[in-house]
$ cat start-v9.tsv   # TSV, C-alpha atoms and all ligand atoms
chain	number	residue	atom	x	y	z
A	1	MET	CA	-83.98	83.26	284.13
A	2	THR	CA	-85.53	86.69	283.95
A	3	SER	CA	-87.54	86.84	280.75
A	4	GLU	CA	-87.04	89.35	277.97
A	5	ARG	CA	-90.65	90.52	278.49
A	6	GLN	CA	-89.93	91.21	282.15
A	7	MET	CA	-86.68	93.04	281.38
A	8	ARG	CA	-88.60	95.42	279.13
A	9	GLN	CA	-90.22	96.85	282.25
A	10	GLU	CA	-86.79	98.44	282.87
A	11	PRO	CA	-86.20	101.62	280.80
A	12	ALA	CA	-82.39	101.28	281.05
A	13	TYR	CA	-82.70	97.83	279.48
A	14	ARG	CA	-84.91	99.11	276.66
A	15	CYS	CA	-82.36	101.86	276.05
A	16	LEU	CA	-79.54	99.32	275.83
A	17	GLN	CA	-81.60	97.19	273.44
A	18	LYS	CA	-81.96	100.23	271.19
A	19	LEU	CA	-78.24	100.97	271.48
A	20	ARG	CA	-77.47	97.33	270.60
A	21	GLY	CA	-79.45	97.74	267.36
A	22	LEU	CA	-77.63	100.98	266.55
A	23	VAL	CA	-74.10	99.71	267.15
A	24	GLU	CA	-74.80	96.70	264.98
A	25	LYS	CA	-75.77	98.97	262.09
A	26	GLU	CA	-72.82	101.36	262.54
A	27	ASN	CA	-69.27	100.31	261.93
A	28	VAL	CA	-68.27	100.03	265.58
A	29	SER	CA	-65.65	97.72	267.06
A	30	ALA	CA	-66.50	94.28	268.38
A	31	GLY	CA	-65.23	95.46	271.78
A	32	ILE	CA	-67.95	98.14	272.00
A	33	ILE	CA	-70.69	95.66	270.98
A	34	ALA	CA	-69.41	93.24	273.61
A	35	GLU	CA	-69.63	95.93	276.32
A	36	VAL	CA	-73.24	96.74	275.37
A	37	ASP	CA	-74.08	93.01	275.55
A	38	LYS	CA	-72.33	92.80	278.91
A	39	ALA	CA	-74.35	95.72	280.32
A	40	MET	CA	-77.59	94.00	279.24
A	41	ASP	CA	-76.47	90.68	280.70
A	42	LEU	CA	-75.53	92.40	283.96
A	43	LEU	CA	-79.01	93.88	284.35
A	44	LYS	CA	-80.49	90.40	283.85
A	45	ALA	CA	-77.92	88.80	286.14
A	46	ARG	CA	-78.86	91.19	288.96
A	47	ASN	CA	-82.50	90.08	288.73
A	48	ASP	CA	-81.55	86.42	288.45
A	49	PHE	CA	-79.23	86.67	291.45
A	50	CYS	CA	-81.98	88.23	293.59
A	51	GLU	CA	-84.31	85.38	292.55
A	52	GLN	CA	-81.71	82.72	293.30
A	53	GLN	CA	-81.01	84.16	296.74
A	54	THR	CA	-84.73	84.13	297.58
A	55	THR	CA	-86.77	81.31	299.13
A	56	ARG	CA	-88.44	79.12	296.51
A	57	PRO	CA	-92.25	79.20	296.23
A	58	SER	CA	-94.24	76.46	297.96
A	59	GLN	CA	-95.45	73.50	295.87
A	60	ASP	CA	-98.93	75.06	295.84
A	61	LEU	CA	-97.62	78.40	294.62
A	62	GLN	CA	-95.47	76.76	291.97
A	63	GLN	CA	-98.49	74.83	290.75
A	64	LEU	CA	-100.60	77.98	290.65
A	65	MET	CA	-97.94	79.85	288.66
A	66	LYS	CA	-97.63	76.89	286.27
A	67	SER	CA	-101.41	76.61	285.84
A	68	THR	CA	-101.58	80.33	285.03
A	69	LEU	CA	-98.91	80.03	282.33
A	70	GLN	CA	-100.38	76.83	280.88
A	71	HIS	CA	-103.99	77.98	280.88
A	72	ASP	CA	-105.56	78.21	277.42
A	73	TRP	CA	-106.37	81.94	277.55
A	74	GLN	CA	-106.76	82.08	273.77
A	75	LYS	CA	-109.52	79.45	273.87
A	76	ALA	CA	-111.39	81.26	276.64
A	77	HIS	CA	-111.17	84.43	274.57
A	78	ASP	CA	-112.29	82.71	271.34
A	79	GLN	CA	-115.27	81.20	273.19
A	80	GLY	CA	-116.30	84.67	274.34
A	81	GLN	CA	-115.59	83.99	278.02
A	82	LEU	CA	-112.96	86.75	278.14
A	83	ASP	CA	-113.07	90.07	276.31
A	84	HIS	CA	-109.25	90.21	276.15
A	85	ILE	CA	-106.30	87.84	276.52
A	86	PRO	CA	-104.66	88.65	279.86
A	87	ASN	CA	-100.92	89.18	280.00
A	88	THR	CA	-99.58	86.51	282.36
A	89	LEU	CA	-96.83	88.97	283.31
A	90	MET	CA	-99.55	90.45	285.59
A	91	MET	CA	-98.99	87.58	287.99
A	92	SER	CA	-96.55	88.48	290.75
A	93	GLY	CA	-93.13	86.84	290.56
A	94	ASN	CA	-91.50	84.86	293.32
A	95	LEU	CA	-89.17	87.64	294.53
A	96	GLU	CA	-92.15	89.89	295.07
A	97	VAL	CA	-94.39	87.33	296.75
A	98	GLN	CA	-91.65	86.20	299.12
A	99	PHE	CA	-91.25	89.85	300.11
A	100	PHE	CA	-95.01	90.03	300.77
A	101	ARG	CA	-94.83	86.82	302.79
A	102	THR	CA	-92.05	88.33	304.91
A	103	LEU	CA	-94.21	91.39	305.61
A	104	ALA	CA	-97.31	89.32	306.36
A	105	SER	CA	-95.34	87.22	308.82
A	106	LEU	CA	-93.82	90.14	310.77
A	107	GLY	CA	-96.72	89.99	313.22
A	108	ASN	CA	-100.15	91.50	313.73
A	109	VAL	CA	-101.21	90.84	310.15
A	110	LYS	CA	-104.40	88.84	310.10
A	111	ARG	CA	-106.62	90.52	307.56
A	112	VAL	CA	-105.51	91.42	304.05
A	113	LEU	CA	-107.42	93.24	301.33
A	114	GLU	CA	-106.22	92.77	297.77
A	115	LEU	CA	-107.46	94.91	294.89
A	116	GLY	CA	-106.79	92.86	291.74
A	117	LEU	CA	-106.69	89.07	292.16
A	118	PHE	CA	-105.95	87.67	288.69
A	119	THR	CA	-105.26	83.92	289.14
A	120	GLY	CA	-104.47	84.22	292.85
A	121	VAL	CA	-100.67	84.10	293.08
A	122	SER	CA	-100.18	87.05	295.44
A	123	ALA	CA	-103.37	86.19	297.36
A	124	LEU	CA	-102.19	82.64	297.99
A	125	ALA	CA	-98.66	83.74	298.91
A	126	LEU	CA	-100.05	86.16	301.49
A	127	ALA	CA	-102.53	83.57	302.78
A	128	GLU	CA	-99.66	81.13	303.32
A	129	SER	CA	-98.09	83.49	305.84
A	130	LEU	CA	-101.25	84.35	307.77
A	131	PRO	CA	-102.36	82.54	310.92
A	132	GLU	CA	-105.04	79.83	310.58
A	133	ASP	CA	-107.83	82.36	311.30
A	134	GLY	CA	-106.30	84.94	308.94
A	135	LYS	CA	-108.04	86.01	305.77
A	136	VAL	CA	-107.28	87.54	302.38
A	137	ILE	CA	-110.25	89.26	300.76
A	138	SER	CA	-109.49	89.78	297.10
A	139	CYS	CA	-111.41	91.89	294.57
A	140	GLU	CA	-111.63	90.77	290.95
A	141	ILE	CA	-113.84	92.38	288.33
A	142	ASP	CA	-113.75	89.63	285.70
A	143	PRO	CA	-116.10	86.66	286.38
A	144	TYR	CA	-114.12	84.21	284.23
A	145	ILE	CA	-110.85	85.08	286.01
A	146	ALA	CA	-112.54	85.02	289.44
A	147	ASN	CA	-113.91	81.50	288.79
A	148	LEU	CA	-110.62	80.27	287.42
A	149	ALA	CA	-108.74	81.65	290.43
A	150	ARG	CA	-111.24	79.96	292.76
A	151	SER	CA	-110.62	76.61	291.06
A	152	PHE	CA	-106.83	77.08	291.37
A	153	LEU	CA	-107.03	78.23	295.00
A	154	ASP	CA	-109.27	75.30	295.98
A	155	LYS	CA	-106.38	72.99	295.12
A	156	ALA	CA	-104.00	74.79	297.54
A	157	THR	CA	-103.85	74.19	301.30
A	158	SER	CA	-104.02	77.89	302.22
A	159	GLY	CA	-106.48	78.71	299.42
A	160	LYS	CA	-109.39	78.46	301.85
A	161	LYS	CA	-108.12	81.62	303.54
A	162	VAL	CA	-108.81	83.57	300.33
A	163	GLU	CA	-112.28	85.01	299.78
A	164	ILE	CA	-113.00	86.39	296.33
A	165	LEU	CA	-115.29	89.36	295.74
A	166	ASN	CA	-116.29	89.31	292.09
A	167	ALA	CA	-117.22	92.94	291.42
A	168	PRO	CA	-115.49	96.23	290.61
A	169	ALA	CA	-113.07	96.95	293.45
A	170	GLN	CA	-114.73	100.31	294.21
A	171	GLU	CA	-118.07	98.57	294.89
A	172	SER	CA	-116.47	95.92	297.07
A	173	MET	CA	-114.58	98.55	299.04
A	174	GLU	CA	-117.83	100.43	299.74
A	175	ARG	CA	-119.51	97.21	300.90
A	176	LEU	CA	-116.61	96.24	303.15
A	177	ALA	CA	-116.63	99.71	304.71
A	178	GLN	CA	-120.39	99.48	305.34
A	179	LYS	CA	-119.65	96.28	307.28
A	180	LYS	CA	-116.96	98.22	309.21
A	181	GLN	CA	-114.24	95.88	308.00
A	182	GLN	CA	-110.61	96.91	308.37
A	183	PHE	CA	-107.38	95.44	307.05
A	184	ASP	CA	-103.84	95.21	308.37
A	185	LEU	CA	-102.42	94.99	304.88
A	186	ILE	CA	-103.96	96.36	301.69
A	187	PHE	CA	-102.39	95.35	298.39
A	188	LEU	CA	-103.24	97.61	295.49
A	189	ASP	CA	-102.80	95.80	292.17
A	190	ALA	CA	-105.95	96.40	290.06
A	191	ASP	CA	-106.42	98.82	287.13
A	192	LYS	CA	-103.70	101.46	287.21
A	193	PRO	CA	-105.84	104.50	286.17
A	194	SER	CA	-107.88	104.00	289.38
A	195	TYR	CA	-104.88	103.93	291.75
A	196	VAL	CA	-105.47	107.50	293.00
A	197	GLN	CA	-109.14	106.75	293.61
A	198	TYR	CA	-108.35	103.52	295.48
A	199	TYR	CA	-105.75	105.30	297.60
A	200	LYS	CA	-108.21	108.04	298.59
A	201	MET	CA	-111.02	105.53	299.23
A	202	ILE	CA	-108.84	103.45	301.57
A	203	PHE	CA	-108.51	106.41	303.95
A	204	GLU	CA	-111.94	107.99	303.39
A	205	LEU	CA	-113.71	104.67	304.03
A	206	GLY	CA	-111.48	103.80	306.98
A	207	LEU	CA	-110.40	100.47	305.47
A	208	LEU	CA	-106.85	100.60	306.80
A	209	ALA	CA	-106.63	99.20	310.34
A	210	PRO	CA	-104.58	101.05	312.96
A	211	LYS	CA	-100.88	100.39	312.24
A	212	GLY	CA	-101.86	99.01	308.84
A	213	THR	CA	-99.71	99.03	305.69
A	214	ILE	CA	-100.55	99.68	302.05
A	215	LEU	CA	-98.52	97.96	299.35
A	216	VAL	CA	-98.76	99.18	295.79
A	217	ASP	CA	-97.61	97.10	292.86
A	218	ASN	CA	-96.18	98.51	289.61
A	219	ALA	CA	-95.34	101.79	291.31
A	220	LEU	CA	-92.48	102.24	288.81
A	221	PHE	CA	-94.71	101.10	285.94
A	222	PHE	CA	-92.23	100.50	283.08
A	223	GLY	CA	-90.32	103.57	284.33
A	224	ASP	CA	-93.08	105.99	283.25
A	225	PRO	CA	-93.29	107.84	286.61
A	226	TYR	CA	-89.62	108.94	286.37
A	227	THR	CA	-88.82	108.88	282.64
A	228	LYS	CA	-92.05	110.73	281.74
A	229	GLU	CA	-91.69	108.96	278.37
A	230	ARG	CA	-95.28	107.66	278.53
A	231	PHE	CA	-94.09	104.23	277.31
A	232	MET	CA	-97.35	102.78	278.65
A	233	GLY	CA	-99.53	105.72	277.61
A	234	GLU	CA	-102.63	106.55	279.67
A	235	ILE	CA	-102.26	103.53	281.95
A	236	GLY	CA	-98.80	104.76	282.91
A	237	ASP	CA	-100.23	108.25	283.51
A	238	GLY	CA	-102.43	106.74	286.24
A	239	VAL	CA	-99.38	105.45	288.09
A	240	THR	CA	-97.51	108.74	287.56
A	241	GLN	CA	-100.41	110.69	289.07
A	242	PHE	CA	-100.65	108.22	291.92
A	243	ASN	CA	-96.97	108.74	292.75
A	244	GLU	CA	-97.48	112.51	292.80
A	245	VAL	CA	-100.49	112.24	295.13
A	246	VAL	CA	-98.58	110.00	297.55
A	247	LYS	CA	-95.48	112.22	297.45
A	248	ASP	CA	-97.60	115.25	298.41
A	249	ASP	CA	-99.42	113.40	301.19
A	250	ASN	CA	-97.67	114.51	304.38
A	251	THR	CA	-99.78	112.23	306.56
A	252	VAL	CA	-98.01	109.09	305.39
A	253	HIS	CA	-94.55	107.56	305.45
A	254	LYS	CA	-93.63	106.01	302.13
A	255	VAL	CA	-90.83	103.99	300.66
A	256	MET	CA	-90.36	103.13	296.99
A	257	LEU	CA	-88.76	99.75	296.52
A	258	PRO	CA	-87.22	98.92	293.14
A	259	ILE	CA	-88.39	95.30	293.31
A	260	ARG	CA	-89.47	94.06	289.89
A	261	ASP	CA	-91.80	96.80	288.49
A	262	GLY	CA	-91.65	98.78	291.74
A	263	ILE	CA	-93.45	98.36	295.04
A	264	MET	CA	-94.54	101.36	297.08
A	265	MET	CA	-94.99	100.76	300.78
A	266	ILE	CA	-97.11	103.27	302.67
A	267	ARG	CA	-97.86	103.59	306.40
A	268	ARG	CA	-99.41	106.31	308.53
A	269	LYS	CA	-96.69	108.77	309.54
A	270	GLU	CA	-97.35	108.36	313.27
A	271	ASP	CA	-96.79	104.60	312.99
A	272	VAL	CA	-93.26	105.11	311.71
A	273	ASP	CA	-92.01	108.38	313.23
A	301	LIG	C1	-102.18	92.86	287.84
A	301	LIG	S1	-103.52	91.78	287.96
A	301	LIG	C2	-103.44	91.20	289.61
A	301	LIG	C3	-102.29	90.26	289.84
A	301	LIG	C4	-102.27	89.56	291.19
A	301	LIG	N1	-102.43	90.51	292.28
A	301	LIG	C5	-100.96	88.83	291.33
A	301	LIG	O1	-100.02	89.44	291.83
A	301	LIG	O2	-100.84	87.69	290.90
A	301	LIG	C6	-104.86	92.88	288.01
A	301	LIG	C7	-106.24	92.22	288.10
A	301	LIG	O3	-107.17	93.24	288.47
A	301	LIG	C8	-108.38	93.00	287.80
A	301	LIG	N2	-109.10	94.28	287.73
A	301	LIG	C9	-108.98	95.27	286.82
A	301	LIG	N3	-109.80	96.28	287.09
A	301	LIG	C10	-110.46	95.95	288.22
A	301	LIG	C11	-111.46	96.59	289.01
A	301	LIG	N4	-111.92	97.81	288.71
A	301	LIG	N5	-111.91	95.94	290.10
A	301	LIG	C12	-111.43	94.72	290.44
A	301	LIG	N6	-110.51	94.07	289.72
A	301	LIG	C13	-110.01	94.68	288.63
A	301	LIG	C14	-107.97	92.43	286.45
A	301	LIG	O4	-109.03	91.68	285.86
A	301	LIG	C15	-106.75	91.59	286.83
A	301	LIG	O5	-107.09	90.25	287.03
$ encode --input "start-v9.tsv" --output "structure tokens"
Amino acid sequence: MTSERQMRQEPAYRCLQKLRGLVEKENVSAGIIAEVDKAMDLLKARNDFCEQQTTRPSQDLQQLMKSTLQHDWQKAHDQGQLDHIPNTLMMSGNLEVQFFRTLASLGNVKRVLELGLFTGVSALALAESLPEDGKVISCEIDPYIANLARSFLDKATSGKKVEILNAPAQESMERLAQKKQQFDLIFLDADKPSYVQYYKMIFELGLLAPKGTILVDNALFFGDPYTKERFMGEIGDGVTQFNEVVKDDNTVHKVMLPIRDGIMMIRRKEDVD
């Protein structure tokens, strides 16, 4: 079942929640309250239906998702190993990762660059659809999270295809470019305020292989790019600016997919036209 926390990424749902509170206070008929409840249930049901229609995660992926949810983040924080308690909602959901797996399996995808690893869910999902000699290089800034992800990935069959670079993504991107590395798929999912910078660096450093694809997570970030409500404040502004930069970039073909919190898919124009 889609969680309440996840539904709050959807502005229409938040609006209905507010309306639900208002109609309860006012003297409105039970029929009106029931219709508001129905609208909220329908939004959830749509998400649930998409999940149910989608291939289940592998045992390894299920275990990784479970380990992420069960991990004692509070303890790590209290012991000073983490400077904040991560929101486990950052981990990609199954609908999203099965979509990534479909893309990675379409052919010619062997090398993936991920900016923003967290516990390794999306990295492992992508690795599972790569050929034996395929590789996911994933950038993670936090040493505690990078080590934890490594320990989770080492328990998964395809985890060996994931290499972790524990450094700020910008630094890792520079180093990869110096080694003339290129990637068929680049998944942008690190800190949102740096999205524009990452996007520019990908092209300036030549990290995207010919016919490569960029995937961008949280492209609809809580609705901020289209509601302009700034529900997520400055972090949301980063995604809003990113969307504007991509929209104005005539060299690329782009498609905004309303999957979960939004996925933007970007390819060079000449590869699509
Ligand atoms: C949204 S999570 C990634 C989720 C993961 N891709 C998944 O789908 O399961 C973002 C991660 O990026 C990391 N991060 C934030 N800023 C970063 C930076 N400048 N360089 C590298 N990693 C960064 C965070 O520590 C966090 O673990």
$ closest_residue --input "start-v9.tsv" --among "A:Leu215, A:Ile202, A:Val196, A:Leu117" --to "Ala167 of chain A" --atoms "only C-alpha atoms"
A:Leu117
$ residues_near_ligand --input "start-v9.tsv" --ligand "ligand LIG 301 (chain A)" --cutoff "7 Å" --atoms "all atoms listed in the file" --output "MDAnalysis selection string"
chainID A and resid 90:92 115:123 139:142 145 167:170 189:191
$ residues_around --input "start-v9.tsv" --residues "Ile186 of chain A" --least-positions-apart "2" --cutoff "9 Å" --atoms "all atoms listed in the file" --output "list in words"
Arg111, Val112, Leu113, Glu114, Leu115, Phe183, Asp184, Leu188, Ile202, Leu207, Leu208, Gly212, Thr213, Ile214, Leu215 and Val216 of chain A
$ closest_residue --input "start-v9.tsv" --among "A:Gly223, A:Gly93, A:Gly134, A:Pro86" --to "Glu51 of chain A" --atoms "only C-alpha atoms"
A:Gly93
$ residues_around --input "start-v9.tsv" --residues "Leu64 of chain A" --least-positions-apart "3" --cutoff "10 Å" --atoms "only C-alpha atoms" --output "VMD selection string"
chain A and resid 58 to 61 67 to 70 119 to 121 124 149 152 to 153 155 to 156
$ write_last_selection --input "start-v9.tsv" --atoms "C-alpha atoms" --output "CSV table (one decimal), in the coordinates of the input"
chain,number,residue,atom,x,y,z
A,58,SER,CA,-94.2,76.5,298.0
A,59,GLN,CA,-95.4,73.5,295.9
A,60,ASP,CA,-98.9,75.1,295.8
A,61,LEU,CA,-97.6,78.4,294.6
A,67,SER,CA,-101.4,76.6,285.8
A,68,THR,CA,-101.6,80.3,285.0
A,69,LEU,CA,-98.9,80.0,282.3
A,70,GLN,CA,-100.4,76.8,280.9
A,119,THR,CA,-105.3,83.9,289.1
A,120,GLY,CA,-104.5,84.2,292.8
A,121,VAL,CA,-100.7,84.1,293.1
A,124,LEU,CA,-102.2,82.6,298.0
A,149,ALA,CA,-108.7,81.6,290.4
A,152,PHE,CA,-106.8,77.1,291.4
A,153,LEU,CA,-107.0,78.2,295.0
A,155,LYS,CA,-106.4,73.0,295.1
A,156,ALA,CA,-104.0,74.8,297.5
$ atom_distance --input "start-v9.tsv" --atom1 "atom CA of Ser3 of chain A" --atom2 "atom CA of Met65 of chain A"
14.8 Å
$ residues_around --input "start-v9.tsv" --residues "segment 236-249 of chain A" --least-positions-apart "5" --cutoff "7 Å" --atoms "all atoms listed in the file" --output "VMD selection string"
chain A and resid 192 to 196 219 221 224 to 225 230
$ closest_residue --input "start-v9.tsv" --among "A:Met1, A:Gln6, A:Phe222, A:Val36" --to "Arg20 of chain A" --atoms "only C-alpha atoms"
A:Val36
$ atom_distance --input "start-v9.tsv" --atom1 "atom CA of Val109 of chain A" --atom2 "atom CA of Glu132 of chain A"
11.7 Å
$ closest_residue --input "start-v9.tsv" --among "A:Leu165, A:Ile266, A:Met232, A:Ala125" --to "Leu185 of chain A" --atoms "all atoms listed in the file"
A:Ile266
$ residues_near_point --input "start-v9.tsv" --point "(-94.4, 106.9, 302.4)" --cutoff "9 Å" --atoms "only C-alpha atoms" --output "PyMOL selection string"
chain A and resi 246-247+249-256+264-269
$ atom_distance --input "start-v9.tsv" --atom1 "atom CA of Met7 of chain A" --atom2 "atom CA of Lys44 of chain A"
7.2 Å
$ residues_near_point --input "start-v9.tsv" --point "(-105.7, 80.8, 307.9)" --cutoff "9 Å" --atoms "only C-alpha atoms" --output "NGL selection string"
:A and (110 or 127-136 or 158-162)
